[in-house]
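*Asks:* Got a structure for you, final_11.cif, holding mmCIF, C-alpha atoms (C1' of nucleotides).
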```cif
data_final
loop_
_atom_site.label_atom_id
_atom_site.label_comp_id
_atom_site.auth_asym_id
_atom_site.auth_seq_id
_atom_site.Cartn_x
_atom_site.Cartn_y
_atom_site.Cartn_z
CA MET A 685 69.84 112.56 135.61
CA GLY A 686 66.43 111.21 136.57
CA PHE A 687 63.07 111.76 134.95
CA GLN A 688 62.67 115.46 134.38
CA GLY A 689 60.07 117.66 132.78
CA VAL A 690 56.37 117.90 132.06
CA TYR A 691 54.78 116.51 128.92
CA TYR A 692 51.25 116.90 127.62
CA ASN A 693 50.15 113.66 126.03
CA SER A 694 46.98 111.67 125.61
CA VAL A 695 45.60 108.20 126.12
CA ASP A 696 44.01 106.58 123.10
CA ALA A 697 40.65 104.88 122.91
CA LYS A 698 42.16 101.64 124.14
CA GLY A 699 43.67 103.17 127.24
CA ARG A 700 47.23 103.33 126.06
CA ALA A 701 49.48 106.17 127.19
CA SER A 702 52.61 107.33 125.41
CA ILE A 703 55.55 107.72 127.72
CA PRO A 704 57.95 110.45 126.54
CA ALA A 705 60.93 109.07 124.62
CA ARG A 706 63.18 110.90 127.03
CA PHE A 707 61.78 108.97 129.98
CA ARG A 708 62.12 105.64 128.19
CA GLU A 709 65.74 106.46 127.59
CA VAL A 710 66.35 107.27 131.25
CA LEU A 711 64.54 104.10 132.24
CA ARG A 712 66.90 102.00 130.14
CA GLU A 713 70.10 103.87 130.76
CA THR A 714 69.80 104.87 134.39
CA TYR A 715 67.81 101.96 135.72
CA GLY A 716 68.49 99.25 133.17
CA ASP A 717 64.78 98.46 133.10
CA GLU A 718 62.37 97.75 130.28
CA THR A 719 59.33 97.61 132.48
CA LEU A 720 57.39 99.96 134.68
CA VAL A 721 55.19 99.25 137.66
CA VAL A 722 52.13 101.47 137.70
CA THR A 723 49.95 102.09 140.70
CA GLN A 724 47.72 104.66 142.35
CA ASP A 725 49.17 107.79 143.84
CA ARG A 726 47.23 110.72 145.23
CA SER A 727 44.43 110.69 142.64
CA GLY A 728 46.88 110.04 139.85
CA ILE A 729 49.06 107.25 138.58
CA ALA A 730 52.66 106.74 139.60
CA ALA A 731 55.02 104.63 137.51
CA TYR A 732 58.25 103.24 138.93
CA PRO A 733 61.13 101.43 137.30
CA VAL A 734 60.67 97.76 138.31
CA SER A 735 64.01 97.71 140.09
CA GLN A 736 62.90 100.59 142.30
CA TRP A 737 59.55 99.00 142.94
CA GLU A 738 61.21 95.84 144.11
CA LYS A 739 63.33 97.75 146.56
CA PHE A 740 60.17 99.29 147.91
CA LEU A 741 58.56 95.88 148.27
CA GLU A 742 61.46 94.67 150.37
CA LYS A 743 61.10 97.59 152.73
CA PHE A 744 57.38 97.10 152.77
CA ALA A 745 57.84 93.51 153.86
CA GLN A 746 59.73 94.72 156.93
CA LEU A 747 56.95 96.96 158.14
CA PRO A 748 55.12 96.10 161.34
CA HIS A 749 51.55 94.98 160.77
CA ASP A 750 49.73 98.11 161.77
CA GLN A 751 47.15 100.38 160.24
CA PHE A 752 49.72 102.20 158.14
CA ARG A 753 50.95 99.03 156.52
CA GLU A 754 47.44 97.87 155.86
CA ASP A 755 46.48 101.15 154.26
CA LEU A 756 49.61 101.21 152.17
CA HIS A 757 48.91 97.68 151.06
CA LEU A 758 45.39 98.53 150.04
CA THR A 759 46.15 101.77 148.24
CA THR A 760 49.50 101.05 146.68
CA VAL A 761 50.64 97.46 146.66
CA THR A 762 47.41 95.84 145.64
CA PRO A 763 46.53 97.98 142.58
CA ALA A 764 50.06 97.76 141.15
CA ALA A 765 50.58 96.28 137.71
CA HIS A 766 53.65 95.54 135.63
CA VAL A 767 53.46 97.10 132.20
CA THR A 768 55.74 96.93 129.18
CA PHE A 769 56.15 99.17 126.18
CA ASP A 770 54.85 98.47 122.74
CA LYS A 771 56.92 99.36 119.71
CA GLN A 772 55.64 102.91 119.80
CA GLY A 773 56.63 103.47 123.39
CA ARG A 774 53.17 103.22 124.90
CA ILE A 775 52.01 101.39 127.99
CA GLN A 776 48.60 99.91 128.57
CA LEU A 777 47.01 101.44 131.64
CA PRO A 778 44.84 98.96 133.57
CA GLN A 779 41.21 99.92 133.54
CA ALA A 780 41.07 100.19 137.32
CA LEU A 781 43.79 102.83 137.29
CA ARG A 782 42.20 104.75 134.48
CA GLU A 783 38.98 104.88 136.41
CA TYR A 784 40.83 105.83 139.55
CA CYS A 785 42.18 109.01 138.01
CA GLN A 786 39.04 109.70 136.06
CA LEU A 787 40.53 109.20 132.67
CA ASP A 788 38.47 107.43 130.09
CA THR A 789 35.21 108.69 131.61
CA ASP A 790 33.24 110.58 128.98
CA GLY A 791 36.01 111.09 126.49
CA VAL A 792 38.68 112.48 128.79
CA ARG A 793 41.93 111.71 127.05
CA ASP A 794 44.37 114.42 128.02
CA VAL A 795 47.07 113.47 130.46
CA VAL A 796 50.14 115.13 131.84
CA VAL A 797 53.23 113.01 132.27
CA VAL A 798 55.53 114.42 134.91
CA GLY A 799 59.00 113.33 135.87
CA GLY A 800 59.86 113.57 139.56
CA ASP A 801 63.03 111.90 140.57
CA GLY A 802 62.74 108.18 140.82
CA LYS A 803 59.23 108.10 139.43
CA ILE A 804 56.93 109.17 136.66
CA GLN A 805 53.51 110.55 137.41
CA ILE A 806 50.54 110.49 135.12
CA TRP A 807 47.77 112.94 135.83
CA ASN A 808 44.41 113.75 134.47
CA LYS A 809 45.28 117.04 132.81
CA THR A 810 42.42 119.00 134.28
CA LYS A 811 43.31 117.78 137.76
CA TYR A 812 46.92 118.60 137.20
CA LEU A 813 46.19 122.16 136.22
CA GLU A 814 43.89 122.64 139.20
CA THR A 815 46.42 121.25 141.64
CA GLN A 816 49.08 123.40 140.14
CA ALA A 817 46.94 126.50 140.33
CA GLU A 818 46.25 125.89 144.00
CA ALA A 819 49.92 125.44 144.74
CA GLU A 820 50.62 128.65 142.93
CA ARG A 821 48.08 130.56 144.93
CA ARG A 822 49.67 129.39 148.15
CA MET A 823 53.10 130.26 146.81
CA ALA A 824 52.10 133.82 146.10
CA ASP A 825 52.46 134.65 149.79
CA GLN A 826 55.93 133.20 150.01
CA ARG A 827 57.98 135.58 147.93
CA GLN A 828 60.54 136.12 150.65
CA LYS A 829 61.16 132.40 151.02
CA ARG A 830 61.56 132.02 147.29
CA PHE A 831 64.01 134.85 147.17
CA GLU A 832 66.09 133.28 149.90
CA LEU A 833 66.42 130.18 147.77
CA GLY A 834 67.76 132.24 144.88
CA LEU A 835 64.68 132.24 142.67
CA MET B 545 76.76 143.11 135.61
CA GLY B 546 73.80 140.75 135.39
CA PHE B 547 71.03 140.49 132.85
CA GLN B 548 69.68 143.95 132.24
CA GLY B 549 67.05 145.40 129.95
CA VAL B 550 63.74 144.67 128.26
CA TYR B 551 63.52 143.18 124.79
CA TYR B 552 60.49 142.62 122.58
CA ASN B 553 61.01 139.42 120.68
CA SER B 554 58.92 136.61 119.29
CA VAL B 555 58.71 132.84 119.26
CA ASP B 556 58.61 131.04 115.93
CA ALA B 557 55.98 128.54 114.82
CA LYS B 558 57.84 125.69 116.49
CA GLY B 559 58.10 127.40 119.84
CA ARG B 560 61.65 128.70 119.74
CA ALA B 561 62.49 131.98 121.41
CA SER B 562 65.42 134.24 120.62
CA ILE B 563 67.38 135.23 123.66
CA PRO B 564 68.98 138.67 123.31
CA ALA B 565 72.64 138.49 122.28
CA ARG B 566 73.47 140.62 125.27
CA PHE B 567 72.06 138.01 127.65
CA ARG B 568 73.89 135.19 125.96
CA GLU B 569 77.09 137.13 126.41
CA VAL B 570 76.43 137.67 130.10
CA LEU B 571 75.56 134.02 130.47
CA ARG B 572 78.91 132.99 129.08
CA GLU B 573 81.08 135.65 130.63
CA THR B 574 79.54 136.09 134.04
CA TYR B 575 78.33 132.57 134.67
CA GLY B 576 80.48 130.51 132.35
CA ASP B 577 77.37 128.65 131.21
CA GLU B 578 76.13 127.59 127.80
CA THR B 579 72.83 126.29 129.07
CA LEU B 580 69.74 127.70 130.68
CA VAL B 581 67.18 126.02 132.87
CA VAL B 582 63.69 127.24 132.10
CA THR B 583 60.70 126.81 134.36
CA GLN B 584 57.42 128.37 135.37
CA ASP B 585 57.36 131.57 137.32
CA ARG B 586 54.24 133.52 138.17
CA SER B 587 52.42 133.03 134.84
CA GLY B 588 55.62 133.49 132.89
CA ILE B 589 58.82 131.65 132.23
CA ALA B 590 61.99 132.14 134.21
CA ALA B 591 65.37 131.09 132.82
CA TYR B 592 68.37 130.57 135.09
CA PRO B 593 71.99 129.87 134.30
CA VAL B 594 72.46 126.15 135.03
CA SER B 595 75.04 126.88 137.69
CA GLN B 596 72.54 129.03 139.56
CA TRP B 597 69.82 126.47 139.17
CA GLU B 598 72.02 123.82 140.68
CA LYS B 599 72.70 125.98 143.69
CA PHE B 600 68.99 126.37 144.11
CA LEU B 601 68.49 122.61 143.90
CA GLU B 602 70.96 122.08 146.69
CA LYS B 603 69.08 124.47 148.92
CA PHE B 604 65.83 122.90 147.88
CA ALA B 605 67.05 119.48 148.92
CA GLN B 606 67.62 120.80 152.45
CA LEU B 607 64.06 122.01 152.90
CA PRO B 608 61.80 120.22 155.37
CA HIS B 609 59.01 118.21 153.75
CA ASP B 610 56.17 120.60 154.29
CA GLN B 611 53.51 122.30 152.20
CA PHE B 612 55.84 124.99 150.94
CA ARG B 613 58.35 122.50 149.66
CA GLU B 614 55.69 120.45 147.97
CA ASP B 615 54.21 123.49 146.28
CA LEU B 616 57.61 124.63 145.14
CA HIS B 617 58.34 121.18 143.79
CA LEU B 618 55.12 121.06 141.82
CA THR B 619 55.30 124.56 140.40
CA THR B 620 59.00 125.05 139.90
CA VAL B 621 61.23 121.99 140.17
CA THR B 622 59.11 119.58 138.23
CA PRO B 623 58.41 121.62 135.09
CA ALA B 624 62.05 122.66 134.71
CA ALA B 625 63.91 121.80 131.53
CA HIS B 626 67.51 122.27 130.40
CA VAL B 627 67.73 124.10 127.10
CA THR B 628 70.65 124.96 124.86
CA PHE B 629 71.11 127.55 122.15
CA ASP B 630 71.04 126.87 118.45
CA LYS B 631 73.26 128.68 115.98
CA GLN B 632 70.91 131.65 115.93
CA GLY B 633 70.82 132.01 119.68
CA ARG B 634 67.36 130.56 120.15
CA ILE B 635 66.11 128.15 122.78
CA GLN B 636 63.30 125.66 122.40
CA LEU B 637 60.58 126.30 124.95
CA PRO B 638 58.86 123.10 126.11
CA GLN B 639 55.23 122.85 125.09
CA ALA B 640 54.04 122.73 128.68
CA LEU B 641 55.72 126.03 129.43
CA ARG B 642 54.38 127.68 126.33
CA GLU B 643 50.90 126.64 127.27
CA TYR B 644 51.45 127.77 130.82
CA CYS B 645 52.13 131.33 129.79
CA GLN B 646 49.55 131.25 127.06
CA LEU B 647 51.94 131.56 124.21
CA ASP B 648 51.34 129.58 121.07
CA THR B 649 47.59 129.54 121.63
CA ASP B 650 45.83 131.09 118.63
CA GLY B 651 48.86 132.62 117.03
CA VAL B 652 50.24 134.51 120.01
CA ARG B 653 53.91 134.89 119.27
CA ASP B 654 55.00 138.10 120.94
CA VAL B 655 57.10 137.81 124.03
CA VAL B 656 58.98 140.18 126.26
CA VAL B 657 62.38 139.08 127.50
CA VAL B 658 63.36 140.82 130.70
CA GLY B 659 66.59 140.70 132.62
CA GLY B 660 66.30 140.60 136.41
CA ASP B 661 69.36 139.88 138.42
CA GLY B 662 70.36 136.30 138.31
CA LYS B 663 67.56 135.38 135.96
CA ILE B 664 65.87 136.04 132.67
CA GLN B 665 62.12 136.24 132.43
CA ILE B 666 60.03 135.54 129.38
CA TRP B 667 56.52 136.89 129.32
CA ASN B 668 53.56 136.80 127.07
CA LYS B 669 53.70 140.37 125.81
CA THR B 670 50.05 141.15 126.52
CA LYS B 671 50.37 139.81 130.05
CA TYR B 672 53.54 141.76 130.56
CA LEU B 673 51.92 145.02 129.62
CA GLU B 674 48.96 144.35 131.88
CA THR B 675 51.14 143.44 134.83
CA GLN B 676 53.20 146.51 134.23
CA ALA B 677 50.15 148.72 134.16
CA GLU B 678 48.90 147.30 137.44
CA ALA B 679 52.25 147.87 139.08
CA GLU B 680 52.22 151.43 137.88
CA ARG B 681 48.78 152.02 139.33
CA ARG B 682 49.94 150.75 142.70
CA MET B 683 53.02 152.90 142.49
CA ALA B 684 50.92 155.99 142.17
CA ASP B 685 50.14 155.77 145.88
CA GLN B 686 53.78 155.54 146.87
CA ARG B 687 55.17 158.94 146.03
CA GLN B 688 56.69 159.39 149.46
CA LYS B 689 58.56 156.10 149.33
CA ARG B 690 59.84 156.91 145.89
CA PHE B 691 61.07 160.27 147.06
CA GLU B 692 62.90 158.71 149.97
CA LEU B 693 64.74 156.51 147.53
CA GLY B 694 65.87 159.55 145.63
CA LEU B 695 63.61 159.12 142.58
"C1'" DC C 926 31.28 73.34 124.63
"C1'" DT C 927 30.60 76.46 120.96
"C1'" DA C 928 29.69 80.97 119.26
"C1'" DT C 929 29.98 85.83 119.87
"C1'" DA C 930 31.72 89.87 121.88
"C1'" DT C 931 35.48 92.40 124.18
"C1'" DT C 932 40.04 93.24 125.37
"C1'" DT C 933 44.94 93.23 124.51
"C1'" DG C 934 49.05 93.33 121.82
"C1'" DC C 935 51.32 94.16 117.52
"C1'" DC C 936 52.14 96.57 113.35
"C1'" DC C 937 51.78 100.14 109.89
"C1'" DA C 938 51.06 104.74 108.30
"C1'" DC C 939 50.22 109.39 109.09
"C1'" DA C 940 50.52 113.80 111.46
"C1'" DA C 941 52.49 116.74 114.61
"C1'" DG C 942 56.32 118.51 116.76
"C1'" DG C 943 61.37 119.42 117.23
"C1'" DT C 944 66.11 120.41 115.14
"C1'" DG C 945 69.28 122.44 112.05
"C1'" DT C 946 70.46 125.45 108.26
"C1'" DT C 947 70.14 129.13 104.95
"C1'" DA C 948 68.47 133.31 103.58
"C1'" DA C 949 65.90 137.56 104.25
"C1'" DA C 950 64.31 141.39 107.18
"C1'" DT C 951 64.92 144.46 110.82
"C1'" DG C 952 66.96 147.78 113.67
"C1'" DG C 953 70.62 150.15 115.83
"C1'" DT C 954 75.06 152.89 115.06
"C1'" DG C 955 78.30 155.60 113.11
"C1'" DC D 721 72.29 156.66 104.51
"C1'" DA D 722 74.96 152.52 104.71
"C1'" DC D 723 76.91 149.01 107.41
"C1'" DC D 724 76.78 145.52 110.76
"C1'" DA D 725 74.83 142.70 114.29
"C1'" DT D 726 70.81 140.35 115.44
"C1'" DT D 727 66.39 138.65 114.97
"C1'" DT D 728 62.83 136.42 112.13
"C1'" DA D 729 61.12 133.71 108.35
"C1'" DA D 730 61.22 129.66 105.51
"C1'" DC D 731 62.46 125.23 104.48
"C1'" DA D 732 63.85 120.32 104.68
"C1'" DC D 733 64.71 116.49 107.68
"C1'" DC D 734 64.16 113.56 111.46
"C1'" DT D 735 61.97 112.03 115.75
"C1'" DT D 736 58.00 111.11 118.35
"C1'" DG D 737 53.15 110.69 119.31
"C1'" DT D 738 48.52 109.18 117.66
"C1'" DG D 739 45.01 106.60 115.33
"C1'" DG D 740 43.42 102.54 112.96
"C1'" DG D 741 43.44 97.73 111.37
"C1'" DC D 742 44.05 93.14 112.36
"C1'" DA D 743 44.77 88.90 114.84
"C1'" DA D 744 45.39 86.41 119.17
"C1'" DA D 745 43.71 85.94 123.73
"C1'" DT D 746 40.27 86.37 127.05
"C1'" DA D 747 35.81 86.85 128.67
"C1'" DT D 748 30.55 86.35 128.09
"C1'" DA D 749 26.47 84.32 126.58
"C1'" DG D 750 23.79 80.82 124.53
#
```
I'd like the structure from this file rewritten - as structure tokens, please.

*Replies:*
Amino acid sequence: MGFQGVYYNSVDAKGRASIPARFREVLRETYGDETLVVTQDRSGIAAYPVSQWEKFLEKFAQLPHDQFREDLHLTTVTPAAHVTFDKQGRIQLPQALREYCQLDTDGVRDVVVVGGDGKIQIWNKTKYLETQAEAERRMADQRQKRFELGL
Amino acid sequence: MGFQGVYYNSVDAKGRASIPARFREVLRETYGDETLVVTQDRSGIAAYPVSQWEKFLEKFAQLPHDQFREDLHLTTVTPAAHVTFDKQGRIQLPQALREYCQLDTDGVRDVVVVGGDGKIQIWNKTKYLETQAEAERRMADQRQKRFELGL
DNA sequence: CTATATTTGCCCACAAGGTGTTAAATGGTG
DNA sequence: CACCATTTAACACCTTGTGGGCAAATATAG
């Protein structure tokens, strides 16, 4: 099983984020990795097992040199950083990424760590709740579709 | 017969909720499951027998990558957690879900556990009563429809 | 190039949260 | 009213997250 679940955590004054023990376990056991690659992702941070990230890089290298590749390079490849865990299971988030998802700024410390298969996402909690609320509002009109899926 | 009935229960200080013995029985005998998958559902928590949840996931995987799928992923797939019963028939509700349905916060402990076919719903009791009252108000205008159904 | 500040990593200790068990309370049923 | 099933309370134990101190590394200023 991949990364699964939503966890409310916080970053400390030094910009360290705790990654749920469960996720660390999956990282080791499913991916055999000890390291994550963190980068930007739709106003949040995405963290990938290194092995997965490397697979992505190979595909990326094959891309034709067009606008898409350039944009992807700028937004995703360039800001990426390899991070390792300290003894307490925390990773150090690069300052650039913290700024990018408006952490840090005036005492914002609450983050939401979300597992989505193959990757871990780290959100500014406020942003997460807003995004979620919007999605929910849109979903309200889709009861029939939900029902058809067995929910 | 599926899950049926309304039960007023409570969550303990650590966020565990008792699931009615009747429901546990149905879970075992009708679905052959020992585990539930809990997730968000319209400001409450929905709990599905794992087997049902897996069927849903298969259908979900087939969906085209559009807005609806993304919203469903964010609100339903992502926050899901597998939970098992302890000796007393309780399940541990993840913190994120408790917060989502405003449990826990300032000593709110009362929940309503409702059976709806194929799933179990867990509501904040206050919210449940409000929702119920609204539904009843809307129903007042539907006497004809009710009559046609033989009520 | 040296001195001073800032960041980063490492370690410890504490607090909060989760798990399991036992015992008491509650509520339905005969 | 008494019995039984079931839920709730209380407790101890373990895991996990969080904050702080300190030293090494890096950056900044003199």

*Asks:* As a check of understanding, name the residues that the PyMOL selection byres ((chain C) within 9 of (chain B)) selects in the supplied structure, as a PyMOL selection string.

*Replies:* chain C and resi 942-946

*Asks:* Tell me, as a PyMOL selection string, which residues lie within 6 Å of stretch 717-733 of chain A, counting only C-alpha atoms (C1' of nucleotides); anything in the same chain fewer than 6 positions away does not count.

*Replies:* chain A and resi 711+760+763-768+785+803-807

*Asks:* Where does chain B meet chain D within 10 Å, residue by residue, with the nearest atom pair and distance in Å to one decimal for each, counting all atoms listed in the file, listed by chain and rising number, as JSON lines?

*Replies:*
```
{"residue": "B:Asn553", "atom": "CA", "partner": "D:DT727", "partner_atom": "C1'", "distance": 7.9}
{"residue": "B:Ser554", "atom": "CA", "partner": "D:DT728", "partner_atom": "C1'", "distance": 8.2}
{"residue": "B:Val555", "atom": "CA", "partner": "D:DT728", "partner_atom": "C1'", "distance": 9.0}
{"residue": "B:Asp556", "atom": "CA", "partner": "D:DT728", "partner_atom": "C1'", "distance": 7.8}
{"residue": "B:Ala557", "atom": "CA", "partner": "D:DA729", "partner_atom": "C1'", "distance": 9.7}
{"residue": "B:Ser562", "atom": "CA", "partner": "D:DT727", "partner_atom": "C1'", "distance": 7.2}
{"residue": "B:Ile563", "atom": "CA", "partner": "D:DT727", "partner_atom": "C1'", "distance": 9.4}
{"residue": "B:Pro564", "atom": "CA", "partner": "D:DT726", "partner_atom": "C1'", "distance": 8.3}
{"residue": "B:Ala565", "atom": "CA", "partner": "D:DT726", "partner_atom": "C1'", "distance": 7.3}
{"residue": "B:Gln632", "atom": "CA", "partner": "D:DT727", "partner_atom": "C1'", "distance": 8.4}
{"residue": "B:Gly633", "atom": "CA", "partner": "D:DT727", "partner_atom": "C1'", "distance": 9.3}
{"residue": "B:Arg634", "atom": "CA", "partner": "D:DT727", "partner_atom": "C1'", "distance": 9.7}
```

*Asks:* What does the PyMOL selection byres ((chain A and resi 690) around 6) select in this file, as a PyMOL selection string?

*Replies:* (chain A and resi 689+691+797-798) or (chain B and resi 623)

*Asks:* So how far away is atom CA of B:Leu601 from atom CA of A:Arg708, in Å?

*Replies:*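 Interatomic distance here is 24.0 Å.
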
*Asks:* What is the distance, in Å and to one decimal place, between atom CA of B:Gly694 and atom CA of B:Met545?

*Replies:*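 Separation between atom CA of B:Gly694 and atom CA of B:Met545: 22.1 Å.
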
*Asks:* As a short mmCIF file (atom, residue, chain, number, x, y, z; two decimals) with C-alpha atoms, in the coordinates of the input, please: chain B after a least-squares superposition onto chain A using all C-alpha atoms matched in order.

*Replies:*
```
data_model
loop_
_atom_site.label_atom_id
_atom_site.label_comp_id
_atom_site.auth_asym_id
_atom_site.auth_seq_id
_atom_site.Cartn_x
_atom_site.Cartn_y
_atom_site.Cartn_z
CA MET B 545 69.84 112.54 135.50
CA GLY B 546 66.38 111.26 136.38
CA PHE B 547 63.05 111.79 134.71
CA GLN B 548 62.68 115.47 134.01
CA GLY B 549 60.06 117.60 132.31
CA VAL B 550 56.34 117.90 131.66
CA TYR B 551 54.69 116.41 128.60
CA TYR B 552 51.12 116.77 127.35
CA ASN B 553 50.09 113.49 125.83
CA SER B 554 46.95 111.45 125.42
CA VAL B 555 45.63 107.96 125.95
CA ASP B 556 44.03 106.14 123.04
CA ALA B 557 40.57 104.58 123.00
CA LYS B 558 41.90 101.36 124.49
CA GLY B 559 43.62 103.04 127.40
CA ARG B 560 47.20 103.11 126.20
CA ALA B 561 49.43 106.01 127.14
CA SER B 562 52.54 107.16 125.32
CA ILE B 563 55.50 107.60 127.58
CA PRO B 564 57.88 110.32 126.36
CA ALA B 565 60.85 108.91 124.45
CA ARG B 566 63.11 110.79 126.81
CA PHE B 567 61.74 108.89 129.80
CA ARG B 568 62.07 105.55 128.09
CA GLU B 569 65.69 106.37 127.42
CA VAL B 570 66.32 107.26 131.05
CA LEU B 571 64.55 104.11 132.12
CA ARG B 572 66.89 101.99 130.06
CA GLU B 573 70.10 103.86 130.62
CA THR B 574 69.82 104.93 134.22
CA TYR B 575 67.85 102.02 135.61
CA GLY B 576 68.52 99.28 133.11
CA ASP B 577 64.81 98.48 133.08
CA GLU B 578 62.37 97.73 130.28
CA THR B 579 59.35 97.63 132.53
CA LEU B 580 57.43 100.03 134.69
CA VAL B 581 55.24 99.37 137.67
CA VAL B 582 52.20 101.62 137.68
CA THR B 583 50.01 102.28 140.68
CA GLN B 584 47.79 104.87 142.29
CA ASP B 585 49.25 108.00 143.74
CA ARG B 586 47.24 110.89 145.10
CA SER B 587 44.48 110.87 142.46
CA GLY B 588 46.96 110.18 139.70
CA ILE B 589 49.13 107.37 138.48
CA ALA B 590 52.73 106.90 139.48
CA ALA B 591 55.09 104.75 137.42
CA TYR B 592 58.32 103.38 138.87
CA PRO B 593 61.17 101.51 137.27
CA VAL B 594 60.70 97.88 138.35
CA SER B 595 64.04 97.85 140.12
CA GLN B 596 62.95 100.77 142.27
CA TRP B 597 59.60 99.22 142.95
CA GLU B 598 61.24 96.07 144.17
CA LYS B 599 63.38 98.02 146.58
CA PHE B 600 60.24 99.61 147.90
CA LEU B 601 58.61 96.21 148.34
CA GLU B 602 61.50 95.04 150.43
CA LYS B 603 61.15 98.00 152.73
CA PHE B 604 57.43 97.53 152.79
CA ALA B 605 57.82 93.95 153.93
CA GLN B 606 59.75 95.17 156.98
CA LEU B 607 57.01 97.48 158.17
CA PRO B 608 55.13 96.63 161.37
CA HIS B 609 51.53 95.57 160.81
CA ASP B 610 49.81 98.77 161.75
CA GLN B 611 47.30 101.15 160.22
CA PHE B 612 49.85 102.88 158.04
CA ARG B 613 51.02 99.65 156.50
CA GLU B 614 47.50 98.50 155.85
CA ASP B 615 46.57 101.78 154.21
CA LEU B 616 49.67 101.71 152.08
CA HIS B 617 48.92 98.15 151.07
CA LEU B 618 45.38 98.99 150.04
CA THR B 619 46.18 102.18 148.16
CA THR B 620 49.55 101.42 146.66
CA VAL B 621 50.74 97.82 146.74
CA THR B 622 47.53 96.14 145.77
CA PRO B 623 46.59 98.16 142.67
CA ALA B 624 50.10 97.94 141.22
CA ALA B 625 50.62 96.38 137.81
CA HIS B 626 53.70 95.61 135.73
CA VAL B 627 53.49 97.12 132.27
CA THR B 628 55.75 96.89 129.25
CA PHE B 629 56.16 99.07 126.19
CA ASP B 630 54.82 98.28 122.77
CA LYS B 631 56.67 99.16 119.58
CA GLN B 632 55.40 102.73 119.75
CA GLY B 633 56.51 103.26 123.31
CA ARG B 634 53.07 103.04 124.86
CA ILE B 635 51.98 101.28 128.02
CA GLN B 636 48.57 99.82 128.72
CA LEU B 637 47.02 101.42 131.78
CA PRO B 638 44.84 99.01 133.77
CA GLN B 639 41.17 99.90 133.77
CA ALA B 640 41.09 100.34 137.53
CA LEU B 641 43.82 102.94 137.37
CA ARG B 642 42.20 104.80 134.53
CA GLU B 643 38.99 104.99 136.48
CA TYR B 644 40.86 106.03 139.58
CA CYS B 645 42.24 109.13 137.94
CA GLN B 646 39.08 109.77 136.01
CA LEU B 647 40.52 109.16 132.62
CA ASP B 648 38.47 107.35 130.04
CA THR B 649 35.22 108.55 131.56
CA ASP B 650 33.21 110.45 128.94
CA GLY B 651 35.96 110.84 126.42
CA VAL B 652 38.64 112.31 128.65
CA ARG B 653 41.88 111.45 126.94
CA ASP B 654 44.31 114.20 127.82
CA VAL B 655 47.03 113.39 130.26
CA VAL B 656 50.09 115.12 131.59
CA VAL B 657 53.21 113.03 132.03
CA VAL B 658 55.55 114.50 134.60
CA GLY B 659 59.01 113.42 135.62
CA GLY B 660 59.81 113.59 139.33
CA ASP B 661 62.96 112.01 140.55
CA GLY B 662 62.77 108.30 140.66
CA LYS B 663 59.27 108.23 139.27
CA ILE B 664 56.98 109.25 136.48
CA GLN B 665 53.56 110.65 137.20
CA ILE B 666 50.56 110.53 134.92
CA TRP B 667 47.76 112.94 135.60
CA ASN B 668 44.39 113.72 134.23
CA LYS B 669 45.21 116.99 132.51
CA THR B 670 42.33 118.94 134.03
CA LYS B 671 43.25 117.73 137.50
CA TYR B 672 46.86 118.56 136.90
CA LEU B 673 46.09 122.13 135.99
CA GLU B 674 43.85 122.56 139.01
CA THR B 675 46.42 121.12 141.39
CA GLN B 676 49.03 123.33 139.86
CA ALA B 677 46.90 126.40 140.29
CA GLU B 678 46.29 125.61 143.95
CA ALA B 679 49.98 125.13 144.56
CA GLU B 680 50.67 128.45 142.95
CA ARG B 681 48.13 130.19 145.15
CA ARG B 682 49.79 128.77 148.24
CA MET B 683 53.17 129.79 146.95
CA ALA B 684 52.09 133.38 146.77
CA ASP B 685 52.39 133.59 150.55
CA GLN B 686 55.92 132.23 150.58
CA ARG B 687 57.95 134.96 148.96
CA GLN B 688 60.46 135.04 151.78
CA LYS B 689 61.14 131.32 151.61
CA ARG B 690 61.55 131.52 147.88
CA PHE B 691 64.01 134.35 148.23
CA GLU B 692 66.05 132.41 150.74
CA LEU B 693 66.36 129.62 148.23
CA GLY B 694 67.75 132.05 145.71
CA LEU B 695 64.68 132.24 143.44
#
```

*Asks:* Could you list the residues chosen by the PyMOL selection byres ((chain B) within 7 of (chain A)) in this structure as a tab-separated table (two decimals) with C-alpha atoms, keeping the file's coordinate frame?

*Replies:*
```tsv
chain	number	residue	atom	x	y	z
B	600	PHE	CA	68.99	126.37	144.11
B	603	LYS	CA	69.08	124.47	148.92
B	615	ASP	CA	54.21	123.49	146.28
B	618	LEU	CA	55.12	121.06	141.82
B	619	THR	CA	55.30	124.56	140.40
B	622	THR	CA	59.11	119.58	138.23
B	623	PRO	CA	58.41	121.62	135.09
B	624	ALA	CA	62.05	122.66	134.71
B	625	ALA	CA	63.91	121.80	131.53
B	640	ALA	CA	54.04	122.73	128.68
```

*Asks:* Interatomic distance between atom CA of B:Arg566 and atom C1' of C:DT954?

*Replies:*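 Distance between the two atoms: 16.0 Å.
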
*Asks:* Would you give the centre and edge lengths, in Å to one decimal, of a box along x, y and z around the listed atoms of stretch 940-947 of chain C, with 8 Å added to each side, as JSON?

*Replies:*
```
{"center_x": 60.5, "center_y": 121.5, "center_z": 111.1, "size_x": 35.9, "size_y": 31.3, "size_z": 28.3}
```
